Structures are given as structure tokens and as C-alpha cells.
Amino acid sequence: MTARTGRPVRAPWAGPLGLYHAGSTPVHRLGPGAKTAGLAAVGVAAVVARGPWSALVVLLLVLGTALVARLPPRSTVRALLPVLVTAVLVGAYQWWQRGAATGAEVALDLVSVVLAASVVTGTTRAERMLDALGTALRPLRRLGVAPQTVALAVGLMLRAVPALAETAVEVRDAARARGLERNPRAVLAPAAVRAVARARSTGEALAARGVGD
């Protein structure tokens with residue numbers, strides 16, 4: 001995809017948190033609570049189930065759910081690529097330390113949990129997830145916890161991750177254009193300055209609205 005100027009348009013960063021993909025599949029129609037419970041079930045299965053075959057069954061179930069949800073294969077694989085590399089490295093280490101079966105189990109479990117999280121975030125609008133979080137935290141009001149404030153904090157964190165990643169990509173491209181892509185200072189310093197500036201502007205906007213008073 002290219003813009004009218006002829007320059008390529010960068011696809012939105014997906015990352016391990018995923019991006020919402022509109023759809024009307026059965027997975028999309030499930031409520032946030034049900035999908036969160038399913039994600040928790042995958043996590044429990046990854047801990048409780050033993051052996052590579054059990055881990056493979058869990059992964060196949062999660063893959064089946066992702067297919068039903070019709071997540072875009074290309075962007076999903078691109079988002080999971082760092083996790084796949086990590087799974088291979090961790091699995092190889094466990095293979096060396098504890099044997100092939102344990103190595104395969106750990107690698108498969110890691111991919112299953114992250115892919116399940118991607119299914120949840122890819123089929124649930126952020127506002128619905130945050131509303132569900134605020135509702136779940138209401139009983140904690142008696143302990144002085146403000147549910148909406150916690151939900152807002154989580155929402156800001158989720159929005160900050162892709163924004164920071166996009167900033168890092170822009171800074172890296174700018175450094176490459178100047179021939180400084182191998183200079184850590186040319187990449188890290190501008191990225192840190194822009195991240196701090198974004199954090200300050202966000203804090204000032206929240207303070208202007210009386211959040212946190």
C-alpha cells in the first residue's frame with residue numbers, strides 16, 4: 001500500500017498486544033469477560049497440563065479459535081514473530097537443561113498463551129475491555145480503589161505501547177536516513193526524549209481534567 005506521494009504507508013504496529021480487527025465471528029460476539037476467562041483457562045492449562053502432546057493440543061485449540069476469529073494471518077504472524085524467536089530460544093535452553101520433551105512443552109505453552117492474548121485483543125474493542133475491567137473492580141471501592149481510574153491507567157498503558165513502538169521506528173528511520181543507524185545515541189536519545197515528552201503531555205492533559213485529584 002502506498003500513499004499518493006509514492007511513499008509506502010507503514011502498517012500499524014501490531015505487537016504482542018494485538019490490534020482490534022472488526023468482524024462478526026462468534027469470537028467477536030463473545031463478551032470480554034468470557035474471552036478473558038478463556039485466556040485464563042489457557043494459562044492454567046499451560047501450567048497444569050504436562051508433556052509436549054498436551055501443550056500441542058492446547059496450541060491447536062488456540063489456533064482453531066484464531067481461525068474462527070479470522071485474524072489476518074500476515075499481521076498476526078508478524079506480531080508473533082518476536083515471541084516465536086523467544087520460544088525457540090527458551091525451548092532450546094530447556095531442551096539442553098531438562099530434555100527435549102520439556103523444551104518442546106515450554107515453547108508450545110509460550111506461543112499458546114501469547115496467541116490466545118492476541119485473539120482476545122484482536123476481537124475485543126479496547127473500550128469494551130476497559131468497561132469490563134471497571135465493572136470487575138467495583139467491589140474494591142470499599143478498599144479505596146477507584147475502578148474507573150484503574151481502567152483509565154490500563155487504557156493509557158495499552159495505547160502507549162504501540163505509540164512508543166511507532167516512535168522507535170520513526171527515530172530509527174530518521175537515523176538511517178542520516179547514516180547513523182549504527183549509533184546507539186542517535187537512536188536512543190531522540191526516542192527517550194519523545195517518550196518523556198509524550199508522558200508529560202499526557203500527564204498535563206489528565207491534570208487539566210482533574211484526574212487523580
# chains A, B, ... in the order shown; residues from 1 in each chain; ligands from 1
>>> residues_around(residues="Val58 of chain A", least_positions_apart="4", cutoff="7 Å", atoms="only C-alpha atoms", output="number ranges by chain")
A: 54, 62, 112
>>> select_by_dssp(residues="segment 5-119 of chain A", states="alpha helix (DSSP H)", output="CSV table (one decimal) with C-alpha atoms, in the first residue's frame")
chain,number,residue,atom,x,y,z
A,26,PRO,CA,-18.6,-16.0,17.1
A,27,VAL,CA,-15.4,-15.0,18.9
A,28,HIS,CA,-16.1,-11.3,18.2
A,29,ARG,CA,-19.6,-11.7,19.6
A,32,PRO,CA,-14.9,-9.5,27.2
A,33,GLY,CA,-15.5,-11.5,30.4
A,34,ALA,CA,-15.9,-14.8,28.6
A,35,LYS,CA,-12.8,-14.2,26.4
A,36,THR,CA,-10.8,-13.2,29.5
A,37,ALA,CA,-11.9,-16.4,31.2
A,38,GLY,CA,-10.8,-18.3,28.2
A,39,LEU,CA,-7.4,-16.7,28.2
A,40,ALA,CA,-7.1,-17.5,31.9
A,41,ALA,CA,-8.1,-21.1,31.1
A,42,VAL,CA,-5.3,-21.3,28.5
A,43,GLY,CA,-2.8,-20.0,31.1
A,44,VAL,CA,-4.0,-22.6,33.6
A,45,ALA,CA,-3.7,-25.3,31.1
A,46,ALA,CA,-0.2,-24.3,30.2
A,47,VAL,CA,0.8,-24.6,33.9
A,48,VAL,CA,-1.2,-27.7,34.8
A,52,PRO,CA,4.5,-31.8,24.8
A,53,TRP,CA,1.4,-33.5,23.5
A,54,SER,CA,-0.8,-31.8,25.9
A,55,ALA,CA,0.8,-28.5,25.1
A,56,LEU,CA,0.3,-29.2,21.4
A,57,VAL,CA,-3.4,-29.9,21.9
A,58,VAL,CA,-3.7,-26.5,23.7
A,59,LEU,CA,-1.9,-24.7,20.9
A,60,LEU,CA,-4.1,-26.4,18.2
A,61,LEU,CA,-7.2,-25.2,20.1
A,62,VAL,CA,-6.0,-21.7,20.3
A,63,LEU,CA,-5.0,-21.8,16.6
A,64,GLY,CA,-8.5,-23.0,15.8
A,65,THR,CA,-10.0,-20.1,17.8
A,66,ALA,CA,-7.8,-17.7,15.9
A,67,LEU,CA,-9.0,-19.2,12.6
A,68,VAL,CA,-12.6,-18.9,13.7
A,69,ALA,CA,-11.9,-15.2,14.6
A,73,PRO,CA,-2.6,-14.2,9.1
A,74,ARG,CA,0.1,-11.8,7.9
A,75,SER,CA,-0.2,-9.2,10.6
A,76,THR,CA,-0.7,-11.9,13.3
A,77,VAL,CA,2.4,-13.8,12.3
A,78,ARG,CA,4.4,-10.6,12.1
A,79,ALA,CA,3.2,-9.6,15.6
A,80,LEU,CA,4.1,-13.0,17.0
A,81,LEU,CA,7.5,-13.2,15.3
A,82,PRO,CA,9.4,-11.9,18.4
A,83,VAL,CA,7.5,-14.4,20.6
A,84,LEU,CA,8.3,-17.3,18.2
A,85,VAL,CA,12.0,-16.4,18.3
A,86,THR,CA,11.9,-16.2,22.1
A,87,ALA,CA,10.0,-19.5,22.2
A,88,VAL,CA,12.7,-21.2,20.1
A,89,LEU,CA,15.5,-19.8,22.3
A,90,VAL,CA,13.8,-20.7,25.6
A,91,GLY,CA,12.8,-24.1,24.3
A,92,ALA,CA,16.3,-24.8,23.1
A,93,TYR,CA,17.7,-23.9,26.6
A,94,GLN,CA,15.1,-26.1,28.3
A,95,TRP,CA,16.0,-28.9,25.9
A,96,TRP,CA,19.6,-28.6,26.9
A,97,GLN,CA,18.9,-28.4,30.6
A,98,ARG,CA,15.9,-30.8,31.0
A,100,ALA,CA,13.6,-32.5,24.5
A,101,ALA,CA,10.1,-33.1,26.0
A,102,THR,CA,10.3,-30.2,28.4
A,103,GLY,CA,11.8,-27.9,25.8
A,104,ALA,CA,9.0,-28.5,23.4
A,105,GLU,CA,6.4,-28.1,26.1
A,106,VAL,CA,7.7,-24.8,27.3
A,107,ALA,CA,8.0,-23.4,23.7
A,108,LEU,CA,4.5,-24.5,22.8
A,109,ASP,CA,3.0,-23.2,26.0
A,110,LEU,CA,4.6,-19.8,25.5
A,111,VAL,CA,3.2,-19.5,22.0
A,112,SER,CA,-0.2,-20.6,23.1
A,113,VAL,CA,-0.6,-18.0,25.8
A,114,VAL,CA,0.6,-15.1,23.7
A,115,LEU,CA,-1.6,-16.2,20.7
A,116,ALA,CA,-4.6,-16.5,23.0
A,117,ALA,CA,-3.9,-13.0,24.3
A,118,SER,CA,-3.7,-11.8,20.6
A,119,VAL,CA,-7.1,-13.4,19.9
>>> closest_residue(among="A:Arg125, A:Arg50, A:Arg142, A:Arg182", to="Tyr20 of chain A", atoms="only C-alpha atoms")
A:Arg125
>>> residues_around(residues="Ala191 of chain A", least_positions_apart="6", cutoff="7 Å", atoms="only C-alpha atoms", output="list in words")
Thr167, Ala168 and Val171 of chain A
>>> write_last_selection(atoms="N, CA and C atoms", output="PDB file, in the first residue's frame")
ATOM      1  N   THR A 167       7.149   5.363  17.596  1.00  0.00           N
ATOM      2  CA  THR A 167       8.190   6.379  17.786  1.00  0.00           C
ATOM      3  C   THR A 167       9.576   5.790  17.556  1.00  0.00           C
ATOM      4  N   ALA A 168       9.801   4.591  18.101  1.00  0.00           N
ATOM      5  CA  ALA A 168      11.102   3.938  17.920  1.00  0.00           C
ATOM      6  C   ALA A 168      11.386   3.682  16.448  1.00  0.00           C
ATOM      7  N   VAL A 171      12.232   7.072  14.754  1.00  0.00           N
ATOM      8  CA  VAL A 171      13.572   7.528  15.125  1.00  0.00           C
ATOM      9  C   VAL A 171      14.637   6.704  14.415  1.00  0.00           C
TER      10      VAL A 171
END
>>> atom_distance(atom1="atom CA of Ala132 of chain A", atom2="atom CA of Glu166 of chain A")
27.7 Å
>>> atom_distance(atom1="atom CA of Leu133 of chain A", atom2="atom CA of Leu30 of chain A")
15.4 Å
>>> decode(residues="segment 31-123 of chain A", atoms="C-alpha atoms", output="compact mmCIF listing (two decimals), in the first residue's frame")
# COMPACT_ATOMS: atom_id res chain seq x y z
CA GLY A 31 -18.27 -10.74 25.84
CA PRO A 32 -14.95 -9.51 27.23
CA GLY A 33 -15.50 -11.49 30.43
CA ALA A 34 -15.92 -14.78 28.57
CA LYS A 35 -12.83 -14.17 26.45
CA THR A 36 -10.78 -13.17 29.47
CA ALA A 37 -11.91 -16.36 31.21
CA GLY A 38 -10.84 -18.34 28.15
CA LEU A 39 -7.43 -16.66 28.22
CA ALA A 40 -7.11 -17.54 31.91
CA ALA A 41 -8.06 -21.13 31.08
CA VAL A 42 -5.27 -21.30 28.51
CA GLY A 43 -2.83 -20.00 31.10
CA VAL A 44 -3.97 -22.57 33.65
CA ALA A 45 -3.74 -25.35 31.07
CA ALA A 46 -0.20 -24.26 30.21
CA VAL A 47 0.78 -24.65 33.86
CA VAL A 48 -1.23 -27.73 34.80
CA ALA A 49 -1.03 -29.86 31.64
CA ARG A 50 2.20 -31.80 31.38
CA GLY A 51 4.02 -33.09 28.35
CA PRO A 52 4.53 -31.81 24.81
CA TRP A 53 1.43 -33.53 23.46
CA SER A 54 -0.85 -31.76 25.93
CA ALA A 55 0.84 -28.46 25.06
CA LEU A 56 0.34 -29.20 21.36
CA VAL A 57 -3.39 -29.85 21.91
CA VAL A 58 -3.74 -26.50 23.70
CA LEU A 59 -1.91 -24.72 20.88
CA LEU A 60 -4.12 -26.36 18.25
CA LEU A 61 -7.23 -25.25 20.13
CA VAL A 62 -5.95 -21.69 20.29
CA LEU A 63 -5.03 -21.79 16.59
CA GLY A 64 -8.52 -23.04 15.81
CA THR A 65 -10.00 -20.13 17.76
CA ALA A 66 -7.79 -17.69 15.85
CA LEU A 67 -9.00 -19.18 12.56
CA VAL A 68 -12.63 -18.88 13.65
CA ALA A 69 -11.94 -15.25 14.62
CA ARG A 70 -10.48 -14.69 11.11
CA LEU A 71 -7.49 -12.76 12.35
CA PRO A 72 -5.34 -11.52 9.43
CA PRO A 73 -2.62 -14.17 9.05
CA ARG A 74 0.14 -11.82 7.88
CA SER A 75 -0.19 -9.21 10.63
CA THR A 76 -0.75 -11.89 13.27
CA VAL A 77 2.39 -13.80 12.32
CA ARG A 78 4.36 -10.55 12.14
CA ALA A 79 3.17 -9.61 15.62
CA LEU A 80 4.07 -13.04 16.98
CA LEU A 81 7.49 -13.22 15.33
CA PRO A 82 9.42 -11.93 18.39
CA VAL A 83 7.50 -14.41 20.55
CA LEU A 84 8.30 -17.26 18.17
CA VAL A 85 12.00 -16.39 18.30
CA THR A 86 11.86 -16.22 22.10
CA ALA A 87 10.01 -19.54 22.25
CA VAL A 88 12.69 -21.20 20.12
CA LEU A 89 15.50 -19.83 22.30
CA VAL A 90 13.79 -20.71 25.59
CA GLY A 91 12.78 -24.12 24.28
CA ALA A 92 16.34 -24.84 23.14
CA TYR A 93 17.69 -23.89 26.58
CA GLN A 94 15.14 -26.11 28.34
CA TRP A 95 15.97 -28.90 25.89
CA TRP A 96 19.63 -28.61 26.86
CA GLN A 97 18.89 -28.43 30.58
CA ARG A 98 15.90 -30.78 31.01
CA GLY A 99 15.40 -32.72 27.82
CA ALA A 100 13.55 -32.48 24.52
CA ALA A 101 10.07 -33.05 25.97
CA THR A 102 10.34 -30.18 28.43
CA GLY A 103 11.85 -27.88 25.81
CA ALA A 104 9.00 -28.53 23.38
CA GLU A 105 6.39 -28.13 26.12
CA VAL A 106 7.74 -24.76 27.29
CA ALA A 107 7.99 -23.39 23.75
CA LEU A 108 4.48 -24.51 22.79
CA ASP A 109 2.97 -23.16 26.02
CA LEU A 110 4.57 -19.75 25.50
CA VAL A 111 3.20 -19.46 21.95
CA SER A 112 -0.25 -20.65 23.07
CA VAL A 113 -0.61 -18.05 25.81
CA VAL A 114 0.58 -15.12 23.67
CA LEU A 115 -1.56 -16.19 20.70
CA ALA A 116 -4.59 -16.51 22.99
CA ALA A 117 -3.94 -12.98 24.26
CA SER A 118 -3.72 -11.78 20.65
CA VAL A 119 -7.09 -13.39 19.91
CA VAL A 120 -8.65 -11.56 22.87
CA THR A 121 -7.23 -8.16 21.94
CA GLY A 122 -7.83 -8.73 18.24
CA THR A 123 -11.55 -9.43 18.70
